[in-house]
$ cat entry-v3.txt   # compact mmCIF, C-alpha atoms and all ligand atoms
# COMPACT_ATOMS: atom_id res chain seq x y z
CA MET T 1 -6.65 44.65 16.19
CA THR T 2 -9.03 47.54 16.88
CA GLY T 3 -12.66 46.82 16.28
CA ALA T 4 -12.09 43.08 16.61
CA VAL T 5 -15.28 41.23 17.38
CA THR T 6 -15.49 38.01 19.30
CA THR T 7 -18.52 35.82 19.68
CA GLY T 8 -17.92 35.06 23.33
CA ALA T 9 -15.17 35.17 25.89
CA ALA T 10 -13.66 31.73 25.49
CA PRO T 11 -10.96 30.72 27.97
CA ALA T 12 -7.47 30.67 26.47
CA GLY T 13 -7.35 26.89 26.05
CA GLU T 14 -10.72 26.73 24.37
CA LYS T 15 -9.79 29.58 22.06
CA ARG T 16 -6.64 27.80 20.95
CA ASP T 17 -8.65 24.70 20.15
CA ARG T 18 -11.35 26.62 18.34
CA PRO T 19 -11.26 26.06 14.58
CA LEU T 20 -10.10 28.96 12.44
CA VAL T 21 -13.31 28.68 10.42
CA ARG T 22 -16.58 27.71 12.06
CA ILE T 23 -19.69 27.51 9.89
CA ARG T 24 -23.00 26.88 11.61
CA GLY T 25 -26.50 26.48 10.20
CA LEU T 26 -25.66 28.36 7.03
CA ARG T 27 -28.64 28.86 4.74
CA LYS T 28 -28.97 30.72 1.49
CA SER T 29 -31.73 30.93 -1.11
CA PHE T 30 -31.89 32.68 -4.44
CA GLY T 31 -35.43 33.67 -5.37
CA GLY T 32 -37.08 30.81 -3.49
CA HIS T 33 -34.46 28.26 -4.57
CA LEU T 34 -32.73 26.86 -1.47
CA VAL T 35 -29.04 26.62 -2.36
CA LEU T 36 -27.44 26.12 1.06
CA ASP T 37 -29.61 24.11 3.42
CA GLY T 38 -27.97 24.27 6.84
CA ILE T 39 -24.21 23.89 6.42
CA ASP T 40 -22.06 23.07 9.47
CA LEU T 41 -18.31 22.91 8.84
CA ASP T 42 -15.14 23.42 10.87
CA VAL T 43 -11.71 24.07 9.39
CA ARG T 44 -8.79 24.02 11.79
CA GLU T 45 -5.70 26.16 11.47
CA GLY T 46 -3.27 24.57 9.01
CA GLU T 47 -5.81 22.11 7.63
CA VAL T 48 -7.05 21.58 4.09
CA THR T 49 -10.72 20.88 3.44
CA VAL T 50 -11.72 19.75 -0.04
CA LEU T 51 -15.34 20.27 -1.10
CA LEU T 52 -16.66 17.84 -3.66
CA GLY T 53 -20.06 17.71 -5.24
CA PRO T 54 -22.02 17.96 -8.47
CA SER T 55 -22.56 21.19 -10.36
CA GLY T 56 -25.22 23.29 -8.68
CA SER T 57 -24.79 21.68 -5.26
CA GLY T 58 -23.83 25.04 -3.68
CA LYS T 59 -20.02 24.81 -3.51
CA SER T 60 -19.31 28.28 -4.95
CA THR T 61 -22.08 29.86 -2.90
CA LEU T 62 -20.60 28.33 0.24
CA LEU T 63 -17.15 29.75 -0.56
CA ARG T 64 -18.69 33.12 -1.36
CA CYS T 65 -20.44 33.18 2.01
CA VAL T 66 -17.07 32.62 3.72
CA ASN T 67 -15.89 36.07 2.71
CA HIS T 68 -19.34 37.64 2.62
CA LEU T 69 -19.57 37.99 -1.13
CA GLU T 70 -22.98 36.44 -0.42
CA ARG T 71 -25.06 37.38 2.61
CA PRO T 72 -26.43 34.28 4.37
CA ASP T 73 -30.17 34.10 5.11
CA ALA T 74 -29.47 32.29 8.38
CA GLY T 75 -26.54 30.88 10.29
CA PHE T 76 -23.06 32.30 10.26
CA VAL T 77 -19.45 31.93 9.29
CA GLU T 78 -16.88 32.65 11.98
CA LEU T 79 -13.26 33.38 11.14
CA GLY T 80 -10.79 33.51 14.00
CA GLY T 81 -13.64 34.12 16.44
CA GLU T 82 -15.22 36.99 14.46
CA ILE T 83 -18.51 36.60 12.63
CA VAL T 84 -17.82 37.32 8.97
CA GLY T 85 -19.68 40.35 7.68
CA TYR T 86 -21.22 41.38 11.00
CA ARG T 87 -20.49 42.82 14.39
CA PRO T 88 -22.64 42.20 17.43
CA GLY T 89 -24.29 45.15 19.12
CA ARG T 90 -27.39 45.78 21.26
CA GLY T 91 -28.39 42.16 21.20
CA ARG T 92 -28.28 41.71 17.44
CA LEU T 93 -25.83 41.56 14.57
CA HIS T 94 -25.12 44.59 12.42
CA GLU T 95 -23.66 44.24 8.96
CA LEU T 96 -20.13 45.63 8.73
CA ARG T 97 -19.51 48.87 6.90
CA ALA T 98 -17.38 48.74 3.75
CA ARG T 99 -14.10 49.59 5.45
CA SER T 100 -14.42 47.00 8.20
CA LEU T 101 -15.59 44.42 5.67
CA THR T 102 -12.57 45.15 3.48
CA ARG T 103 -10.29 44.69 6.48
CA GLN T 104 -11.96 41.39 7.34
CA ARG T 105 -11.88 40.14 3.75
CA ALA T 106 -8.16 40.89 3.58
CA GLN T 107 -7.70 37.87 5.85
CA VAL T 108 -9.20 35.59 3.20
CA GLY T 109 -7.56 35.03 -0.18
CA MET T 110 -9.63 33.73 -3.05
CA VAL T 111 -8.52 32.00 -6.23
CA PHE T 112 -11.13 31.54 -8.95
CA GLN T 113 -11.50 29.28 -11.95
CA GLN T 114 -11.01 32.27 -14.28
CA PHE T 115 -7.82 33.75 -12.74
CA ASN T 116 -9.33 37.29 -12.87
CA LEU T 117 -5.97 39.04 -13.29
CA PHE T 118 -6.04 42.68 -14.39
CA PRO T 119 -5.13 42.45 -18.10
CA HIS T 120 -3.66 45.97 -18.30
CA LEU T 121 -1.30 45.45 -15.33
CA THR T 122 1.98 43.56 -15.28
CA VAL T 123 2.40 40.48 -13.13
CA LEU T 124 4.22 42.54 -10.50
CA GLU T 125 1.50 45.21 -10.51
CA ASN T 126 -1.21 42.56 -10.22
CA ILE T 127 0.47 41.18 -7.11
CA THR T 128 1.33 44.49 -5.43
CA GLU T 129 -1.96 46.27 -6.12
CA ALA T 130 -3.93 45.12 -3.08
CA PRO T 131 -1.14 45.20 -0.48
CA VAL T 132 -0.33 48.79 -1.48
CA ALA T 133 -3.92 50.02 -1.85
CA VAL T 134 -5.64 48.10 0.95
CA ARG T 135 -2.91 47.51 3.49
CA GLY T 136 -0.73 50.54 2.84
CA VAL T 137 2.42 48.46 2.32
CA PRO T 138 5.20 50.66 0.84
CA ARG T 139 5.52 49.98 -2.87
CA LYS T 140 9.15 48.86 -2.69
CA GLU T 141 8.45 46.42 0.10
CA ALA T 142 5.40 45.05 -1.76
CA ALA T 143 7.53 44.58 -4.90
CA ALA T 144 10.26 42.71 -3.03
CA ARG T 145 7.69 40.44 -1.48
CA ALA T 146 6.01 39.89 -4.84
CA ARG T 147 9.32 38.68 -6.29
CA THR T 148 9.70 36.19 -3.44
CA LEU T 149 6.15 34.97 -4.04
CA LEU T 150 6.78 34.61 -7.78
CA GLU T 151 9.73 32.38 -6.95
CA ARG T 152 7.52 30.37 -4.65
CA VAL T 153 5.01 29.69 -7.44
CA GLY T 154 7.77 28.86 -9.95
CA LEU T 155 7.61 32.12 -11.92
CA ALA T 156 10.80 33.89 -10.90
CA GLY T 157 11.73 36.66 -13.33
CA ARG T 158 8.25 37.00 -14.90
CA GLU T 159 7.34 40.20 -13.03
CA ASN T 160 7.21 42.40 -16.13
CA SER T 161 5.07 40.04 -18.21
CA TYR T 162 1.44 40.78 -18.92
CA PRO T 163 -1.20 38.13 -18.24
CA ARG T 164 -1.88 37.62 -21.97
CA GLN T 165 1.75 36.61 -22.47
CA MET T 166 1.37 33.68 -20.08
CA SER T 167 -0.30 30.29 -20.20
CA GLY T 168 -3.43 29.66 -18.16
CA GLY T 169 -1.42 27.66 -15.64
CA GLN T 170 1.09 30.49 -15.24
CA GLN T 171 -1.72 33.03 -14.87
CA GLN T 172 -3.34 30.89 -12.19
CA ARG T 173 -0.03 30.72 -10.32
CA VAL T 174 0.17 34.53 -10.49
CA ALA T 175 -3.36 34.62 -9.07
CA ILE T 176 -2.18 32.43 -6.19
CA ALA T 177 0.82 34.72 -5.60
CA ARG T 178 -1.55 37.68 -5.64
CA ALA T 179 -3.75 36.06 -3.00
CA LEU T 180 -0.69 35.26 -0.86
CA ALA T 181 0.55 38.84 -1.08
CA MET T 182 -2.17 39.88 1.36
CA GLU T 183 -0.82 37.37 3.91
CA PRO T 184 -4.23 35.76 4.36
CA ARG T 185 -5.11 33.46 7.24
CA LEU T 186 -7.26 31.40 4.91
CA LEU T 187 -7.21 30.62 1.19
CA LEU T 188 -10.31 29.68 -0.79
CA PHE T 189 -9.96 27.95 -4.16
CA ASP T 190 -12.97 27.60 -6.46
CA GLU T 191 -12.16 24.98 -9.12
CA PRO T 192 -8.72 26.52 -9.72
CA THR T 193 -7.72 24.02 -12.43
CA SER T 194 -11.04 23.51 -14.22
CA ALA T 195 -10.31 26.06 -16.94
CA LEU T 196 -6.80 24.76 -17.66
CA ASP T 197 -5.51 22.53 -20.42
CA PRO T 198 -4.76 19.14 -18.84
CA GLU T 199 -0.98 19.48 -19.19
CA LEU T 200 -1.03 22.70 -17.11
CA VAL T 201 -3.03 21.34 -14.18
CA GLY T 202 -0.11 19.61 -12.46
CA ASP T 203 1.98 22.76 -11.92
CA VAL T 204 -0.93 24.54 -10.24
CA LEU T 205 -1.75 21.56 -8.04
CA ALA T 206 1.94 21.31 -7.07
CA VAL T 207 1.91 24.92 -5.87
CA MET T 208 -1.26 24.24 -3.88
CA ARG T 209 0.30 21.13 -2.37
CA ASP T 210 3.38 23.15 -1.30
CA LEU T 211 1.11 25.71 0.35
CA ALA T 212 -0.70 22.97 2.23
CA VAL T 213 2.58 21.47 3.40
CA SER T 214 3.74 24.91 4.56
CA GLY T 215 0.72 25.04 6.88
CA MET T 216 -1.68 27.28 4.97
CA THR T 217 -5.33 26.80 5.91
CA MET T 218 -7.31 26.15 2.74
CA ILE T 219 -10.81 25.32 1.51
CA VAL T 220 -10.61 23.90 -1.99
CA VAL T 221 -13.43 23.14 -4.40
CA THR T 222 -12.05 20.76 -6.98
CA HIS T 223 -12.81 17.63 -8.96
CA GLU T 224 -9.16 16.55 -8.69
CA ILE T 225 -9.67 13.45 -6.57
CA GLY T 226 -5.94 12.66 -6.52
CA PHE T 227 -5.27 16.05 -4.93
CA ALA T 228 -8.03 15.46 -2.38
CA ARG T 229 -6.65 12.04 -1.53
CA GLU T 230 -3.07 13.26 -1.04
CA VAL T 231 -3.53 16.73 0.42
CA ALA T 232 -6.90 17.03 2.18
CA ASP T 233 -7.31 16.56 5.90
CA THR T 234 -11.07 16.54 5.42
CA VAL T 235 -13.21 15.84 2.38
CA ALA T 236 -16.81 17.04 2.43
CA PHE T 237 -19.44 16.08 -0.17
CA LEU T 238 -22.06 18.67 -0.98
CA ASP T 239 -25.33 17.65 -2.54
CA GLY T 240 -28.44 19.81 -2.77
CA GLY T 241 -26.97 22.39 -0.42
CA ARG T 242 -26.17 19.91 2.34
CA ILE T 243 -23.02 18.16 3.43
CA ILE T 244 -24.10 14.58 2.93
CA GLU T 245 -20.82 13.02 4.00
CA SER T 246 -17.49 14.19 5.40
CA GLY T 247 -14.39 12.69 6.89
CA THR T 248 -10.80 11.83 6.11
CA PRO T 249 -10.00 11.14 2.46
CA ALA T 250 -9.12 7.57 3.39
CA ASP T 251 -12.63 7.00 4.73
CA VAL T 252 -14.70 9.11 2.40
CA LEU T 253 -12.98 8.53 -0.94
CA ALA T 254 -12.26 4.85 -0.56
CA ASP T 255 -15.69 3.87 0.64
CA PRO T 256 -18.37 6.57 0.60
CA ARG T 257 -21.51 5.49 2.39
CA HIS T 258 -23.98 7.90 0.85
CA PRO T 259 -25.27 6.66 -2.53
CA ARG T 260 -25.04 10.14 -4.08
CA ALA T 261 -21.44 10.54 -2.93
CA ARG T 262 -20.70 7.13 -4.43
CA ALA T 263 -22.39 8.10 -7.71
CA PHE T 264 -20.45 11.38 -7.87
CA LEU T 265 -17.13 9.66 -7.25
CA SER T 266 -17.63 6.98 -9.86
CA ALA T 267 -18.56 9.70 -12.37
CA VAL T 268 -15.36 11.75 -11.84
CA LEU T 269 -12.88 8.91 -11.34
P1 LIG T 301 -21.73 24.87 -7.56
O1 LIG T 301 -20.59 25.79 -7.34
O2 LIG T 301 -21.74 23.68 -6.65
O3 LIG T 301 -21.88 24.45 -8.99
P2 LIG T 301 -23.33 27.21 -7.02
O4 LIG T 301 -23.10 27.59 -5.61
O5 LIG T 301 -22.64 27.99 -8.07
O6 LIG T 301 -23.08 25.65 -7.19
O7 LIG T 301 -24.86 27.32 -7.36
C1 LIG T 301 -25.86 26.61 -6.65
C2 LIG T 301 -27.22 27.00 -7.19
O8 LIG T 301 -27.46 28.36 -6.90
C3 LIG T 301 -27.34 26.87 -8.69
O9 LIG T 301 -28.61 26.38 -8.99
C4 LIG T 301 -27.18 28.28 -9.19
O10 LIG T 301 -27.87 28.47 -10.38
C5 LIG T 301 -27.78 29.08 -8.05
N1 LIG T 301 -27.16 30.41 -7.93
C6 LIG T 301 -25.89 30.66 -7.58
N2 LIG T 301 -25.66 31.98 -7.52
C7 LIG T 301 -26.83 32.59 -7.85
C8 LIG T 301 -27.25 33.95 -7.96
N3 LIG T 301 -26.42 34.97 -7.72
N4 LIG T 301 -28.53 34.18 -8.32
C9 LIG T 301 -29.39 33.16 -8.54
N5 LIG T 301 -29.06 31.85 -8.45
C10 LIG T 301 -27.80 31.57 -8.11
MG MG T 302 -19.08 26.46 -8.59
$ encode --input "entry-v3.txt" --output "structure tokens"
Amino acid sequence: MTGAVTTGAAPAGEKRDRPLVRIRGLRKSFGGHLVLDGIDLDVREGEVTVLLGPSGSGKSTLLRCVNHLERPDAGFVELGGEIVGYRPGRGRLHELRARSLTRQRAQVGMVFQQFNLFPHLTVLENITEAPVAVRGVPRKEAAARARTLLERVGLAGRENSYPRQMSGGQQQRVAIARALAMEPRLLLFDEPTSALDPELVGDVLAVMRDLAVSGMTMIVVTHEIGFAREVADTVAFLDGGRIIESGTPADVLADPRHPRARAFLSAVL
């Protein structure tokens, strides 16, 4: 890729072992309120990391830093060896210009609590919009791929529906198909089932589970402990802008050591 930025010439072996996402010393404040207080986190290719933590602990801000929707005050996020949002030059980092940032963000798909589909576009148009506009994929090719993705999320044949004609769970699955249409290296989910009626949650979680099994790298903010237990490779607890505990679901969910992690778990279980 032209303009690719690396943070150091790692030997081939080391590069292969390097996590896809490397977060180091990430800090972010809003008007004097420290929201991320030195986050370190690695996510390896093909792994699923679930972020748990109380409201206001910084989970959304952390996800937003991963694709530079928020600018960190200190520290960095690295994706595939490139620092997100910046390029090095003359001994310091320079923020990427819009076009380069768009190209970098195209590697990261994001799925929000409130689906954020375009209401005036059909399902097919919602899914093909970005590949056509951002990546220059021919419209026909984008449409064919969108149909395959709709099958994958259990919505074959719904391409001409409008978002308002679908349930929340169906809309969220369209949002997942839309994110996949950009062929991202990483998917971020911010409480993807929190706005859904309980009976619609399972279908969305099933699609996410399939993605995980297929090898997609994902960071998922959720309160669905069952999903974390079954699907996550790593569970990390955020509290007050810090990761207070992390490890395998078997370790962290069965027997959290930190009192605040324990309190959070007993509140959501
Ligand atoms: P979580 O997703 O864990 O609930 P957030 O990352 O959304 O937490 O928010 C963490 C804290 O940062 C909250 O106190 C929130 O009010 C504050 N915050 C988040 N975004 C902004 C912003 N753009 N401006 C000011 N404060 C913000
Ligand atoms: Mg949030």
$ closest_residue --input "entry-v3.txt" --among "T:Leu52, T:Leu62, T:Leu200, T:Ile127" --to "Arg145 of chain T" --atoms "all atoms listed in the file"
T:Ile127
$ closest_atom_pairs --input "entry-v3.txt" --of "chain T" --to "ligand MG 302 (chain T)" --cutoff "10 Å" --atoms "only C-alpha atoms and all ligand atoms" --output "Markdown table"
| residue | atom | partner | partner_atom | distance |
| --- | --- | --- | --- | --- |
| T:Gly53 | CA | T:MG302 | MG | 9.4 |
| T:Pro54 | CA | T:MG302 | MG | 9.0 |
| T:Ser55 | CA | T:MG302 | MG | 6.6 |
| T:Gly56 | CA | T:MG302 | MG | 6.9 |
| T:Ser57 | CA | T:MG302 | MG | 8.2 |
| T:Gly58 | CA | T:MG302 | MG | 7.0 |
| T:Lys59 | CA | T:MG302 | MG | 5.4 |
| T:Ser60 | CA | T:MG302 | MG | 4.1 |
| T:Thr61 | CA | T:MG302 | MG | 7.3 |
| T:Leu62 | CA | T:MG302 | MG | 9.2 |
| T:Leu63 | CA | T:MG302 | MG | 8.9 |
| T:Arg64 | CA | T:MG302 | MG | 9.8 |
| T:Phe112 | CA | T:MG302 | MG | 9.4 |
| T:Gln113 | CA | T:MG302 | MG | 8.8 |
| T:Asp190 | CA | T:MG302 | MG | 6.6 |
| T:Glu191 | CA | T:MG302 | MG | 7.1 |
| T:Val221 | CA | T:MG302 | MG | 7.8 |
| T:Thr222 | CA | T:MG302 | MG | 9.2 |
$ closest_residue --input "entry-v3.txt" --among "T:Gln171, T:Ser214, T:Gln165, T:Ser194" --to "ligand LIG 301 (chain T)" --atoms "all atoms listed in the file"
T:Ser194
$ axis_aligned_box --input "entry-v3.txt" --around "ligand LIG 301 (chain T)" --padding-each-side "8 Å" --output "AutoDock Vina command-line options"
--center_x -25.0 --center_y 29.3 --center_z -8.0 --size_x 24.8 --size_y 27.3 --size_z 20.8
$ atom_distance --input "entry-v3.txt" --atom1 "atom CA of Val84 of chain T" --atom2 "atom CA of Val204 of chain T"
28.6 Å
$ closest_atom_pairs --input "entry-v3.txt" --of "segment 34-64 of chain T" --to "segment 242-257 of chain T" --cutoff "9 Å" --atoms "only C-alpha atoms" --output "Markdown table"
| residue | atom | partner | partner_atom | distance |
| --- | --- | --- | --- | --- |
| T:Val35 | CA | T:Arg242 | CA | 8.7 |
| T:Leu36 | CA | T:Arg242 | CA | 6.5 |
| T:Asp37 | CA | T:Arg242 | CA | 5.5 |
| T:Gly38 | CA | T:Arg242 | CA | 6.5 |
| T:Ile39 | CA | T:Arg242 | CA | 6.0 |
| T:Asp40 | CA | T:Ile243 | CA | 7.8 |
| T:Leu41 | CA | T:Ile243 | CA | 8.6 |
| T:Ser57 | CA | T:Arg242 | CA | 7.9 |
| T:Gly58 | CA | T:Arg242 | CA | 8.2 |
$ atom_distance --input "entry-v3.txt" --atom1 "atom CA of Phe30 of chain T" --atom2 "atom CA of Asp239 of chain T"
16.5 Å
$ atom_distance --input "entry-v3.txt" --atom1 "atom CA of Glu224 of chain T" --atom2 "atom CA of Val77 of chain T"
25.8 Å
$ closest_residue --input "entry-v3.txt" --among "T:Leu180, T:Val231, T:Leu238, T:Met208" --to "ligand LIG 301 (chain T)" --atoms "all atoms listed in the file"
T:Leu238
$ residues_near_point --input "entry-v3.txt" --point "(-1.9, 35.0, -7.2)" --cutoff "12 Å" --atoms "all atoms listed in the file" --output "PyMOL selection string"
chain T and resi 109-112+114-118+123-130+146-147+149-155+163+169-184+187-189+192+204+207-208
$ decode --input "entry-v3.txt" --residues "segment 241-252 of chain T" --atoms "N, CA and C atoms" --output "PDB file, in the first residue's frame"
ATOM      1  N   GLY T 241     -11.476   4.489  33.481  1.00  0.00           N
ATOM      2  CA  GLY T 241     -10.500   4.748  32.430  1.00  0.00           C
ATOM      3  C   GLY T 241      -9.260   3.880  32.478  1.00  0.00           C
ATOM      4  N   ARG T 242      -9.283   2.851  33.325  1.00  0.00           N
ATOM      5  CA  ARG T 242      -8.162   1.910  33.386  1.00  0.00           C
ATOM      6  C   ARG T 242      -8.663   0.486  33.196  1.00  0.00           C
ATOM      7  N   ILE T 243      -7.788  -0.348  32.650  1.00  0.00           N
ATOM      8  CA  ILE T 243      -8.100  -1.773  32.615  1.00  0.00           C
ATOM      9  C   ILE T 243      -7.679  -2.346  33.957  1.00  0.00           C
ATOM     10  N   ILE T 244      -8.676  -2.695  34.760  1.00  0.00           N
ATOM     11  CA  ILE T 244      -8.357  -3.140  36.123  1.00  0.00           C
ATOM     12  C   ILE T 244      -8.111  -4.638  36.178  1.00  0.00           C
ATOM     13  N   GLU T 245      -8.567  -5.356  35.154  1.00  0.00           N
ATOM     14  CA  GLU T 245      -8.348  -6.795  35.133  1.00  0.00           C
ATOM     15  C   GLU T 245      -8.548  -7.287  33.711  1.00  0.00           C
ATOM     16  N   SER T 246      -7.715  -8.216  33.256  1.00  0.00           N
ATOM     17  CA  SER T 246      -7.960  -8.824  31.949  1.00  0.00           C
ATOM     18  C   SER T 246      -7.371 -10.225  31.921  1.00  0.00           C
ATOM     19  N   GLY T 247      -7.950 -11.038  31.054  1.00  0.00           N
ATOM     20  CA  GLY T 247      -7.491 -12.417  30.951  1.00  0.00           C
ATOM     21  C   GLY T 247      -8.487 -13.235  30.160  1.00  0.00           C
ATOM     22  N   THR T 248      -8.357 -14.547  30.236  1.00  0.00           N
ATOM     23  CA  THR T 248      -9.320 -15.398  29.532  1.00  0.00           C
ATOM     24  C   THR T 248     -10.655 -15.306  30.254  1.00  0.00           C
ATOM     25  N   PRO T 249     -11.756 -15.554  29.522  1.00  0.00           N
ATOM     26  CA  PRO T 249     -13.057 -15.533  30.182  1.00  0.00           C
ATOM     27  C   PRO T 249     -13.122 -16.524  31.345  1.00  0.00           C
ATOM     28  N   ALA T 250     -12.487 -17.674  31.172  1.00  0.00           N
ATOM     29  CA  ALA T 250     -12.528 -18.672  32.247  1.00  0.00           C
ATOM     30  C   ALA T 250     -11.951 -18.097  33.537  1.00  0.00           C
ATOM     31  N   ASP T 251     -10.840 -17.370  33.413  1.00  0.00           N
ATOM     32  CA  ASP T 251     -10.232 -16.792  34.616  1.00  0.00           C
ATOM     33  C   ASP T 251     -11.016 -15.597  35.136  1.00  0.00           C
ATOM     34  N   VAL T 252     -11.289 -14.671  34.222  1.00  0.00           N
ATOM     35  CA  VAL T 252     -11.789 -13.367  34.652  1.00  0.00           C
ATOM     36  C   VAL T 252     -13.267 -13.417  35.049  1.00  0.00           C
TER      37      VAL T 252
END
